[in-house]
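Chemist: I am sharing coords-v1.txt, which consists of compact mmCIF, C-alpha atoms and all ligand atoms:
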```txt
# COMPACT_ATOMS: atom_id res chain seq x y z
CA MET A 22 116.70 4.63 71.41
CA ASP A 23 117.62 3.45 67.92
CA ARG A 24 116.64 5.93 65.26
CA GLU A 25 115.20 4.75 61.97
CA GLN A 26 117.46 5.82 59.09
CA LYS A 27 115.81 8.25 56.67
CA GLY A 28 116.09 6.99 53.08
CA LEU A 29 117.17 9.74 50.71
CA ALA A 30 117.13 10.33 46.96
CA ILE A 31 119.71 12.96 46.02
CA LEU A 32 118.75 14.44 42.66
CA GLY A 33 121.61 16.52 41.26
CA SER A 34 124.10 14.71 43.51
CA THR A 35 127.12 15.87 41.49
CA GLY A 36 126.26 19.58 41.84
CA SER A 37 127.04 22.15 44.47
CA ILE A 38 123.93 21.42 46.58
CA GLY A 39 124.15 17.67 45.91
CA THR A 40 127.73 17.40 47.19
CA SER A 41 126.88 19.54 50.24
CA ALA A 42 123.90 17.27 50.95
CA LEU A 43 126.17 14.22 50.76
CA ASP A 44 128.55 15.92 53.17
CA VAL A 45 125.68 16.19 55.67
CA VAL A 46 124.79 12.51 55.09
CA ARG A 47 128.45 11.51 55.59
CA ARG A 48 128.38 13.11 59.06
CA TYR A 49 125.23 11.22 60.12
CA PRO A 50 125.28 7.65 58.79
CA GLU A 51 122.97 6.57 61.64
CA ARG A 52 120.33 9.12 60.55
CA PHE A 53 120.48 9.11 56.76
CA ARG A 54 120.87 6.47 54.08
CA VAL A 55 121.33 7.25 50.39
CA VAL A 56 118.83 5.08 48.49
CA THR A 57 119.24 6.66 45.05
CA LEU A 58 121.53 9.15 43.35
CA ALA A 59 120.78 11.12 40.17
CA GLY A 60 123.43 13.09 38.35
CA GLY A 61 123.82 14.55 34.88
CA THR A 62 127.07 14.13 32.98
CA ASN A 63 129.83 14.07 35.62
CA MET A 64 130.37 10.30 35.54
CA GLU A 65 133.63 10.28 37.45
CA LEU A 66 132.14 11.99 40.50
CA LEU A 67 128.89 10.04 40.33
CA LYS A 68 130.81 6.77 40.28
CA ARG A 69 132.83 7.81 43.33
CA GLN A 70 129.64 8.83 45.13
CA ALA A 71 127.98 5.51 44.30
CA GLU A 72 131.01 3.57 45.56
CA GLU A 73 131.00 5.52 48.81
CA PHE A 74 127.24 5.66 49.55
CA ARG A 75 126.16 2.34 47.96
CA PRO A 76 122.74 3.41 46.61
CA GLU A 77 120.22 0.88 45.25
CA LEU A 78 119.78 2.79 41.98
CA VAL A 79 121.59 5.54 40.08
CA SER A 80 120.41 7.75 37.25
CA VAL A 81 122.39 9.77 34.66
CA LEU A 82 121.54 11.96 31.68
CA GLU A 83 122.76 9.84 28.72
CA SER A 84 121.88 6.20 28.07
CA ASP A 85 125.38 5.22 26.82
CA ALA A 86 126.90 6.54 30.03
CA ALA A 87 124.21 4.66 31.98
CA SER A 88 125.15 1.31 30.37
CA LYS A 89 128.84 1.84 31.11
CA LEU A 90 128.20 2.85 34.72
CA LYS A 91 125.86 -0.10 35.20
CA ARG A 92 128.64 -2.49 34.17
CA GLU A 93 131.10 -0.77 36.51
CA LEU A 94 128.82 -0.55 39.56
CA GLY A 95 126.72 -3.70 39.16
CA ILE A 96 123.50 -1.92 40.21
CA PRO A 97 120.60 -0.55 38.12
CA VAL A 98 121.59 2.67 36.34
CA LYS A 99 118.77 4.52 34.57
CA ALA A 100 118.95 7.36 32.06
CA GLY A 101 117.29 10.65 31.11
CA ALA A 102 114.29 12.38 32.63
CA GLU A 103 112.63 8.99 33.23
CA GLY A 104 115.71 7.85 35.12
CA ALA A 105 115.60 10.86 37.43
CA ILE A 106 111.90 10.18 38.06
CA GLU A 107 112.67 6.54 38.91
CA ALA A 108 115.33 7.70 41.34
CA ALA A 109 112.83 10.10 42.93
CA ILE A 110 109.99 7.61 43.45
CA HIS A 111 112.08 4.54 44.33
CA PRO A 112 110.73 2.47 47.25
CA GLY A 113 112.64 3.16 50.46
CA VAL A 114 113.04 6.84 49.63
CA LYS A 115 111.42 8.92 52.35
CA THR A 116 112.81 12.34 51.37
CA VAL A 117 113.95 13.63 48.00
CA VAL A 118 116.68 16.26 47.92
CA SER A 119 115.62 18.09 44.77
CA ALA A 120 118.84 19.73 43.56
CA VAL A 121 118.93 19.34 39.80
CA SER A 122 119.52 22.74 38.21
CA GLY A 123 116.93 24.42 36.03
CA ALA A 124 113.53 23.41 34.68
CA ALA A 125 114.75 19.78 34.41
CA GLY A 126 114.13 19.53 38.16
CA LEU A 127 110.37 19.99 37.84
CA LEU A 128 109.11 16.60 36.66
CA PRO A 129 111.08 14.40 39.08
CA THR A 130 110.02 16.65 41.96
CA VAL A 131 106.36 16.54 40.97
CA ALA A 132 106.58 12.75 40.53
CA ALA A 133 108.10 12.45 44.01
CA ILE A 134 105.31 14.51 45.58
CA ARG A 135 102.70 12.41 43.80
CA ALA A 136 104.43 9.28 45.14
CA GLY A 137 104.10 10.67 48.69
CA LYS A 138 107.77 11.56 49.24
CA ASP A 139 108.83 14.49 51.41
CA ILE A 140 110.86 17.09 49.56
CA ALA A 141 113.93 19.11 50.54
CA LEU A 142 113.64 21.67 47.79
CA ALA A 143 116.70 23.39 46.36
CA ASN A 144 115.37 23.43 42.79
CA LYS A 145 113.53 26.76 43.01
CA GLU A 146 112.43 26.35 39.38
CA THR A 147 109.86 23.76 40.57
CA LEU A 148 107.92 26.53 42.33
CA VAL A 149 108.74 29.26 39.80
CA LEU A 150 107.32 27.18 36.97
CA ALA A 151 104.38 25.53 38.65
CA GLY A 152 104.01 26.99 42.17
CA PRO A 153 100.21 26.85 42.53
CA LEU A 154 100.00 23.32 41.09
CA VAL A 155 102.88 22.04 43.19
CA MET A 156 101.54 23.51 46.43
CA GLU A 157 98.14 21.97 45.71
CA GLU A 158 99.77 18.54 45.20
CA VAL A 159 101.80 18.94 48.40
CA LYS A 160 98.61 19.62 50.33
CA ALA A 161 96.63 16.85 48.64
CA ARG A 162 99.35 14.21 49.26
CA GLY A 163 100.13 15.41 52.79
CA VAL A 164 103.88 15.53 52.13
CA ARG A 165 106.38 17.89 53.74
CA LEU A 166 108.06 20.45 51.48
CA MET A 167 111.09 21.96 53.21
CA PRO A 168 112.96 24.82 51.57
CA VAL A 169 116.70 24.46 51.04
CA ASP A 170 117.30 27.89 49.52
CA SER A 171 118.92 29.71 52.46
CA GLU A 172 116.52 32.67 52.16
CA HIS A 173 113.42 30.49 52.23
CA SER A 174 114.82 28.38 55.04
CA ALA A 175 115.33 31.63 56.97
CA VAL A 176 111.76 32.78 56.25
CA PHE A 177 110.43 29.35 57.26
CA GLN A 178 112.34 29.56 60.55
CA SER A 179 111.22 33.16 61.14
CA LEU A 180 107.57 32.17 60.66
CA LEU A 181 107.62 29.38 63.25
CA GLY A 182 105.62 30.25 66.33
CA HIS A 183 103.98 33.29 64.73
CA ARG A 184 100.51 33.87 63.31
CA ALA A 185 100.35 34.15 59.51
CA GLU A 186 97.79 36.95 59.78
CA ASP A 187 100.29 39.10 61.72
CA LEU A 188 102.85 39.01 58.88
CA THR A 189 103.30 42.35 57.14
CA ARG A 190 106.39 41.75 55.02
CA VAL A 191 108.86 39.10 53.91
CA ILE A 192 112.30 40.62 53.37
CA LEU A 193 114.66 38.55 51.25
CA THR A 194 118.35 39.39 51.51
CA ALA A 195 120.63 39.39 48.46
CA SER A 196 124.41 39.54 48.49
CA GLY A 197 124.33 41.71 45.35
CA GLY A 198 126.76 39.41 43.54
CA PRO A 199 130.08 40.38 41.98
CA PHE A 200 128.89 43.61 40.30
CA LEU A 201 127.37 45.45 43.22
CA LYS A 202 130.01 48.17 43.01
CA ARG A 203 130.96 47.98 39.33
CA ARG A 204 130.07 50.99 37.17
CA SER A 205 126.71 50.28 35.52
CA ASP A 206 127.90 51.66 32.18
CA SER A 207 130.64 48.98 32.06
CA LEU A 208 128.33 45.99 32.65
CA HIS A 209 127.95 45.28 28.93
CA SER A 210 131.60 44.14 28.77
CA VAL A 211 131.42 41.71 31.72
CA THR A 212 132.97 38.32 30.88
CA PRO A 213 131.58 34.92 31.96
CA ASP A 214 134.62 34.40 34.22
CA GLU A 215 133.97 37.67 36.03
CA ALA A 216 130.28 36.92 36.38
CA LEU A 217 130.96 33.41 37.74
CA ARG A 218 133.18 34.76 40.55
CA HIS A 219 130.61 35.11 43.34
CA PRO A 220 131.97 36.91 46.42
CA ARG A 221 130.18 34.76 49.04
CA TRP A 222 128.79 31.49 47.71
CA ASN A 223 130.32 28.70 45.69
CA MET A 224 127.47 27.59 43.43
CA GLY A 225 126.64 26.05 40.06
CA ARG A 226 127.17 28.10 36.88
CA LYS A 227 123.53 28.96 36.15
CA ILE A 228 122.71 30.22 39.65
CA SER A 229 126.03 32.12 39.80
CA ILE A 230 125.10 34.14 36.69
CA ASP A 231 121.58 34.62 38.05
CA SER A 232 123.14 35.98 41.23
CA ALA A 233 125.16 38.48 39.21
CA THR A 234 122.04 39.75 37.40
CA LEU A 235 119.87 39.39 40.53
CA MET A 236 117.52 37.15 38.54
CA ASN A 237 118.22 34.58 41.23
CA LYS A 238 116.59 36.94 43.75
CA GLY A 239 113.73 37.51 41.32
CA LEU A 240 113.17 33.74 41.08
CA GLU A 241 113.34 33.58 44.87
CA VAL A 242 110.64 36.26 45.19
CA ILE A 243 108.40 34.07 43.03
CA GLU A 244 109.37 30.94 44.99
CA ALA A 245 108.61 32.70 48.31
CA SER A 246 105.26 33.96 47.08
CA PHE A 247 104.04 30.43 46.26
CA LEU A 248 105.75 28.64 49.12
CA PHE A 249 104.45 30.94 51.86
CA GLY A 250 101.28 32.22 50.18
CA VAL A 251 102.45 35.86 50.33
CA PRO A 252 101.62 38.30 47.48
CA ALA A 253 104.37 40.14 45.56
CA GLU A 254 103.49 43.45 47.28
CA LYS A 255 104.46 41.99 50.64
CA ILE A 256 107.86 40.70 49.53
CA SER A 257 110.82 43.05 49.39
CA VAL A 258 114.50 42.57 48.62
CA VAL A 259 117.38 44.17 50.47
CA ILE A 260 121.06 44.02 49.54
CA HIS A 261 123.17 42.52 52.34
CA PRO A 262 126.66 41.80 51.01
CA GLU A 263 127.89 39.80 54.04
CA SER A 264 125.21 37.08 53.59
CA ILE A 265 124.87 36.55 57.34
CA VAL A 266 121.20 37.49 57.73
CA HIS A 267 119.58 34.99 55.38
CA SER A 268 116.17 36.71 55.29
CA MET A 269 113.59 38.25 57.60
CA VAL A 270 109.91 38.47 58.38
CA GLU A 271 108.27 41.66 59.62
CA TYR A 272 105.15 41.52 61.80
CA ALA A 273 102.25 43.89 62.54
CA ASP A 274 103.93 45.36 65.63
CA GLY A 275 107.05 46.34 63.66
CA SER A 276 109.11 43.45 65.04
CA VAL A 277 111.42 41.75 62.57
CA ILE A 278 112.51 38.12 63.05
CA SER A 279 115.54 36.92 61.12
CA GLN A 280 117.74 33.86 60.89
CA MET A 281 121.52 34.27 60.79
CA SER A 282 124.48 31.99 60.28
CA SER A 283 127.70 31.91 58.33
CA PRO A 284 127.01 31.42 54.60
CA ASP A 285 127.23 27.65 54.15
CA MET A 286 124.51 25.67 52.37
CA ARG A 287 125.07 22.68 54.64
CA GLY A 288 123.10 24.65 57.25
CA PRO A 289 119.76 24.88 55.42
CA ILE A 290 120.26 21.40 53.91
CA ALA A 291 120.77 19.81 57.34
CA TYR A 292 117.80 21.75 58.74
CA ALA A 293 115.56 20.59 55.88
CA LEU A 294 116.59 16.97 56.45
CA SER A 295 116.49 16.90 60.25
CA PHE A 296 113.56 19.27 60.99
CA PRO A 297 112.33 19.80 63.67
CA GLU A 298 115.69 18.81 65.18
CA ARG A 299 118.78 20.93 64.63
CA ILE A 300 122.01 19.13 63.89
CA GLU A 301 125.60 20.33 63.57
CA ALA A 302 126.69 20.44 59.92
CA GLY A 303 130.13 22.04 60.06
CA LEU A 304 129.11 25.71 60.02
CA LYS A 305 131.60 28.28 61.23
CA ARG A 306 130.18 29.99 64.34
CA LEU A 307 129.42 33.72 64.16
CA ASP A 308 131.70 36.03 66.10
CA PHE A 309 129.54 39.07 66.84
CA SER A 310 132.50 41.10 68.04
CA ARG A 311 133.77 41.09 64.44
CA LEU A 312 130.52 41.37 62.50
CA MET A 313 129.65 44.42 60.42
CA LEU A 314 126.29 44.05 58.69
CA ASP A 315 125.33 46.33 55.79
CA PHE A 316 121.93 46.74 54.16
CA SER A 317 120.89 48.82 51.15
CA SER A 318 118.28 48.88 48.39
CA PRO A 319 119.00 47.23 45.05
CA GLU A 320 119.49 49.80 42.25
CA PRO A 321 116.79 49.09 39.64
CA GLY A 322 119.00 50.33 36.76
CA ARG A 323 121.82 47.98 37.71
CA PHE A 324 119.56 44.96 38.23
CA PRO A 325 116.64 45.10 35.75
CA CYS A 326 116.02 41.34 36.12
CA LEU A 327 114.49 41.88 39.55
CA ALA A 328 111.66 44.06 38.20
CA LEU A 329 111.10 41.57 35.35
CA ALA A 330 110.58 38.78 37.87
CA TYR A 331 108.14 40.86 39.95
CA ALA A 332 106.22 41.67 36.76
CA ALA A 333 106.02 37.99 35.77
CA LEU A 334 104.78 37.07 39.26
CA LYS A 335 102.10 39.77 39.12
CA GLU A 336 101.00 38.63 35.62
CA GLY A 337 100.73 35.10 37.04
CA GLY A 338 99.69 32.03 35.04
CA THR A 339 102.55 30.75 32.91
CA HIS A 340 104.49 34.06 32.85
CA PRO A 341 106.99 32.91 35.51
CA ALA A 342 107.65 29.73 33.47
CA VAL A 343 108.40 31.85 30.39
CA LEU A 344 110.62 34.19 32.43
CA ASN A 345 112.62 31.19 33.65
CA ALA A 346 112.89 29.51 30.24
CA VAL A 347 114.12 32.68 28.52
CA ASP A 348 116.58 33.29 31.35
CA GLU A 349 117.96 29.74 31.10
CA VAL A 350 118.64 30.17 27.37
CA ALA A 351 120.01 33.71 27.77
CA VAL A 352 122.40 32.63 30.54
CA GLU A 353 123.59 29.67 28.47
CA MET A 354 124.22 32.00 25.50
CA PHE A 355 126.04 34.51 27.72
CA LEU A 356 128.29 31.71 29.02
CA LYS A 357 129.01 30.71 25.40
CA GLY A 358 129.97 34.30 24.56
CA ARG A 359 127.00 34.77 22.24
CA LEU A 360 125.11 37.36 24.29
CA PRO A 361 126.48 40.28 26.31
CA PHE A 362 125.74 40.32 30.04
CA THR A 363 123.34 43.23 29.60
CA GLY A 364 121.60 41.28 26.82
CA ILE A 365 120.16 38.85 29.42
CA PRO A 366 117.48 41.24 30.78
CA GLU A 367 116.94 42.71 27.29
CA VAL A 368 116.04 39.33 25.81
CA ILE A 369 113.81 38.46 28.79
CA ALA A 370 111.95 41.79 28.53
CA ALA A 371 111.48 41.37 24.78
CA ALA A 372 110.17 37.80 25.10
CA LEU A 373 107.79 38.61 27.95
CA GLY A 374 106.54 41.61 25.98
CA ARG A 375 105.50 39.26 23.17
CA TYR A 376 104.04 36.52 25.33
CA GLN A 377 100.30 36.00 25.16
CA GLY A 378 99.92 34.55 28.67
CA ARG A 379 98.09 31.35 29.41
CA ARG A 380 96.27 30.01 32.40
CA LEU A 381 98.18 27.58 34.53
CA SER A 382 95.93 24.59 34.99
CA SER A 383 98.21 21.63 34.37
CA ILE A 384 101.87 20.64 34.13
CA GLU A 385 101.33 20.43 30.35
CA ASP A 386 100.65 24.20 30.35
CA VAL A 387 104.01 24.68 32.07
CA ILE A 388 105.82 22.47 29.56
CA GLU A 389 104.26 24.39 26.67
CA ALA A 390 105.21 27.78 28.19
CA ASP A 391 108.75 26.52 28.81
CA ARG A 392 109.00 25.39 25.18
CA TRP A 393 107.66 28.73 23.90
CA GLY A 394 110.09 30.69 26.06
CA ARG A 395 113.10 28.71 24.89
CA GLU A 396 112.19 29.03 21.21
CA GLU A 397 111.48 32.73 21.55
CA ALA A 398 114.76 33.33 23.37
CA ARG A 399 116.74 31.47 20.72
CA SER A 400 115.18 33.39 17.87
CA LEU A 401 115.64 36.75 19.64
CA ILE A 402 119.31 35.97 20.31
CA GLU A 403 119.81 34.71 16.75
CA ALA A 404 118.44 38.00 15.45
CA LEU A 405 121.00 39.88 17.57
CA ASN A 406 123.97 37.91 16.20
N1 LIG A 501 124.34 26.20 44.92
C1 LIG A 501 123.66 26.86 45.85
O1 LIG A 501 124.25 27.39 46.79
C2 LIG A 501 122.16 26.93 45.76
C3 LIG A 501 121.48 27.62 46.76
C4 LIG A 501 120.10 27.63 46.73
C5 LIG A 501 119.40 27.02 45.70
N2 LIG A 501 120.09 26.38 44.73
C6 LIG A 501 119.33 25.73 43.66
O2 LIG A 501 119.66 24.35 43.65
C7 LIG A 501 119.63 23.85 42.31
C8 LIG A 501 121.00 23.26 42.00
O3 LIG A 501 121.97 24.28 42.07
P1 LIG A 501 123.53 23.94 42.08
O4 LIG A 501 124.22 25.22 42.36
O5 LIG A 501 123.78 22.77 42.96
O6 LIG A 501 123.75 23.55 40.55
P2 LIG A 501 124.94 22.74 39.90
O7 LIG A 501 126.14 22.78 40.77
O8 LIG A 501 125.06 23.20 38.50
O9 LIG A 501 124.41 21.23 39.92
C9 LIG A 501 123.32 20.83 39.14
C10 LIG A 501 123.11 19.34 39.29
O10 LIG A 501 122.03 18.96 38.44
C11 LIG A 501 122.50 17.95 37.52
N3 LIG A 501 121.78 18.14 36.27
C12 LIG A 501 121.79 19.23 35.46
N4 LIG A 501 120.93 19.05 34.44
C13 LIG A 501 120.35 17.82 34.62
C14 LIG A 501 119.38 17.07 33.90
N5 LIG A 501 118.83 17.54 32.77
N6 LIG A 501 119.02 15.86 34.40
C15 LIG A 501 119.58 15.37 35.54
N7 LIG A 501 120.51 16.04 36.24
C16 LIG A 501 120.89 17.25 35.79
C17 LIG A 501 124.00 18.19 37.40
O11 LIG A 501 124.66 17.03 36.93
P3 LIG A 501 126.17 17.02 36.29
O12 LIG A 501 126.92 18.09 37.00
O13 LIG A 501 126.62 15.63 36.61
O14 LIG A 501 126.00 17.26 34.83
C18 LIG A 501 124.31 18.49 38.86
O15 LIG A 501 124.30 17.31 39.62
C19 LIG A 501 119.27 25.05 41.43
O16 LIG A 501 117.90 25.04 41.19
C20 LIG A 501 119.64 26.25 42.27
O17 LIG A 501 118.88 27.40 41.97
C21 LIG A 501 121.44 26.32 44.74
```
Show me the file's structure as structure tokens.
Modeler:
Amino acid sequence: MDREQKGLAILGSTGSIGTSALDVVRRYPERFRVVTLAGGTNMELLKRQAEEFRPELVSVLESDAASKLKRELGIPVKAGAEGAIEAAIHPGVKTVVSAVSGAAGLLPTVAAIRAGKDIALANKETLVLAGPLVMEEVKARGVRLMPVDSEHSAVFQSLLGHRAEDLTRVILTASGGPFLKRRSDSLHSVTPDEALRHPRWNMGRKISIDSATLMNKGLEVIEASFLFGVPAEKISVVIHPESIVHSMVEYADGSVISQMSSPDMRGPIAYALSFPERIEAGLKRLDFSRLMLDFSSPEPGRFPCLALAYAALKEGGTHPAVLNAVDEVAVEMFLKGRLPFTGIPEVIAAALGRYQGRRLSSIEDVIEADRWGREEARSLIEALN
């Protein structure tokens, strides 16, 4: 039987997740069709992607670059946040791969949900910033929101066929990043190059630094809480350096269900796009005769960002949006050499300590909290320099 091709918008197509998603599409031209592509500033790669996948519309960050690319490709090329939204809601798009990095991913994802598109969600910030609002919209529009984060994909898979009321704990695994074994008293002198060298995953710069501080896991705890409707108290984090067990769910009888595979983001991306079918996406098969799996607890002193994320989740409202905004600025400043590695949690703690929380009742509340967090972070970092 002929299968109808699924029309895709790939937001963040030039990034680590975006290129992996396109690799999955390349393997299954009969299943998937790229309808739109949205990138940021990497024009050379975006142009190559557009020439290969022949989308109907492309979007980029800057308008000058958009005009140039439009002349070269001969198709509509839009710019800025509006451009990414157009790419997300374009007719013919059935599923949006939301893989822009950072808070910039929120608005196009929300627009896509409101336009009735299914979402394959890599941009965890969408749920960190506006989880309750986004989940309400997903329900109201009857769209499917599939996690792409490997941990959340694993939890999703471990929940299938089980009763939600029997769940006692969600256990997210964390590789521990490049500084798991480094002496804590030497972390202040970590360089951006050292922090970017992740032992297991090849990812974008922001998420790589967040993996080194474990803020990425903190953001994932928040994401999991909203996505699966599980309170912070029922979510724990365990260090698992091999990144083979992608996460687990514990049930009332003490049974634990996990999902395992070699660490390759094409796995969860393909699953999110083909669910409920499973398709081959190039993953190396596990050889259990050679596997050694280690688990340990994260040291709070080494990874203070994790506790900050739990605290923001428990505070609720717009606290997670402020946490994320301050972290985005702090990471950017660390990468520019203007903040030491250990300054990242210090700035986040200081900003959250000064934040007079707000209720989260609209996307405008999120935008305001994001703006406050960024301003506060900049002035705190300025005062340190
Ligand atoms: N990488 C992973 O393994 C992984 C795993 C789980 C979840 N995630 C999540 O997936 C998201 C993407 O991560 P990544 O590692 O793929 O990041 P990345 O490699 O840095 O890619 C980010 C993508 O977003 C685009 N972009 C950045 N700012 C933009 C803006 N303002 N408007 C439009 N496009 C913009 C970039 O464009 P240019 O490069 O062209 O400028 C690029 O295409 C993040 O939320 C991350 O937490 C990633």
Chemist: So that I can see what lies close to region 263-269 of chain A, please list as a list in words the residues with an atom at most 8 Å from it, counting only C-alpha atoms and leaving out residues fewer than 2 positions away in the same chain.
Modeler: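 So, after excluding close chain neighbours, the residues are Ser171, Glu172, His173, Ala175, Val176, Ser179, Val191, Ile192, Leu193, Thr194, Ala195, Ser196, Arg221, His261, Glu271, Val277, Ile278, Ser279, Gln280, Met281, Ser282, Ser283, Pro284, Leu314 and Asp315 of chain A.
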Chemist: Give as a PyMOL selection string the residues surrounding ligand LIG 501 (chain A) up to a distance of 6 Å, considering all atoms listed in the file.
Modeler: chain A and resi 33-39+60-63+82+120-123+125+143-146+170+224-226+228+286
Chemist: Leaving out Arg299 (chain A) and any residue of its chain fewer than 2 positions from it, which residues lie within 12 Å of it when counting only C-alpha atoms, given as number ranges by chain?
Modeler: A: 178, 287-297, 301-302
Chemist: For region 66-79 of chain A, please output as a ChimeraX atom specification all residues within 12 Å (counting only C-alpha atoms; exclusion window: fewer than 3 positions along the same chain).
Modeler: /A:28-36,39-40,42-44,46-47,50,53-63,82,86-101,103-114
Chemist: Contacts of Lys160 (chain A) at 12 Å or less, counting all atoms listed in the file, minus same-chain residues fewer than 6 places along, as a list in words?
Modeler: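 The residues that qualify are Ile134, Arg135, Gly137, Asp139, Pro153, Leu154, Leu166 and Leu248 of chain A.
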Chemist: Identify which of the residues A:Ser400, A:Ser276, A:Ser257, A:Asn223 lies closest to Val347 (chain A), counting all atoms listed in the file when measuring atom-to-atom distances.
Modeler: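 The closest residue to Val347 (chain A) is A:Ser400.
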Chemist: Counting only C-alpha atoms, which residue out of A:Trp393, A:Phe200, A:Phe249, A:Tyr272 sits closest to Arg323 (chain A)?
Modeler: A:Phe200
Chemist: Could you state the separation of CA of Ser119 (chain A) and CA of Ser174 (chain A) in Å, given to one decimal place?
Modeler: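 Result for CA of Ser119 (chain A) versus CA of Ser174 (chain A): 14.6 Å, one decimal.
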Chemist: Quick one, how far is CA of Glu367 (chain A) from CA of Gly322 (chain A)?
Modeler: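 About the pair CA of Glu367 (chain A) and CA of Gly322 (chain A): they are 12.3 Å apart.
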Chemist: What does the distance between CA of Leu334 (chain A) and CA of Ala151 (chain A) come to in Å, to one decimal place?
Modeler: 11.6 Å
Chemist: Looking at all atoms listed in the file, which of A:Asp214, A:Glu353, A:Asp85, A:Glu244 is the one that sits closest to Ala330 (chain A)?
Modeler: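 Among the listed residues, A:Glu244 lies closest to Ala330 (chain A).
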Chemist: List the neighbours of Asp206 (chain A) out to 10 Å using all atoms listed in the file; skip same-chain residues closer than 3 positions along the sequence, and give me the result as a list in words.
Modeler: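 These residues fall inside the cut-off: Arg203, His209, Ser210, Arg323 and Thr363 of chain A.
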Chemist: So which one's closest to Thr116 (chain A), A:Gln26, A:Thr147, A:Thr339, A:Asn406? Using only C-alpha atoms, please.
Modeler: A:Gln26
Chemist: Taking (112.0, 44.2, 31.1) as a centre in this file's frame and 10 Å as the limit, can you find every polymer residue with an atom that close, using all atoms listed in the file, and give them as JSON, numbers by chain?
Modeler: {"A": [325, 326, 327, 328, 329, 330, 332, 333, 365, 366, 367, 368, 369, 370, 371, 372, 373, 374]}
Chemist: Hey, can you pull every residue with an atom no more than 9 Å from (122.1, 37.9, 43.1), using all atoms listed in the file, and send it as a list in words?
Modeler: Ala195, Ser196, Gly197, Gly198, Pro199, His219, Ile228, Ser229, Ile230, Asp231, Ser232, Ala233, Thr234, Leu235, Met236, Asn237, Lys238, Gly239, Ile260 and Phe324 of chain A
Chemist: Adding 4 Å on each side of the box along x, y and z that holds all listed atoms of region 198-201 of chain A, could you give its centre and edge lengths in Å to one decimal, as JSON?
Modeler:
```
{"center_x": 128.4, "center_y": 42.4, "center_z": 41.9, "size_x": 11.3, "size_y": 14.0, "size_z": 11.2}
```
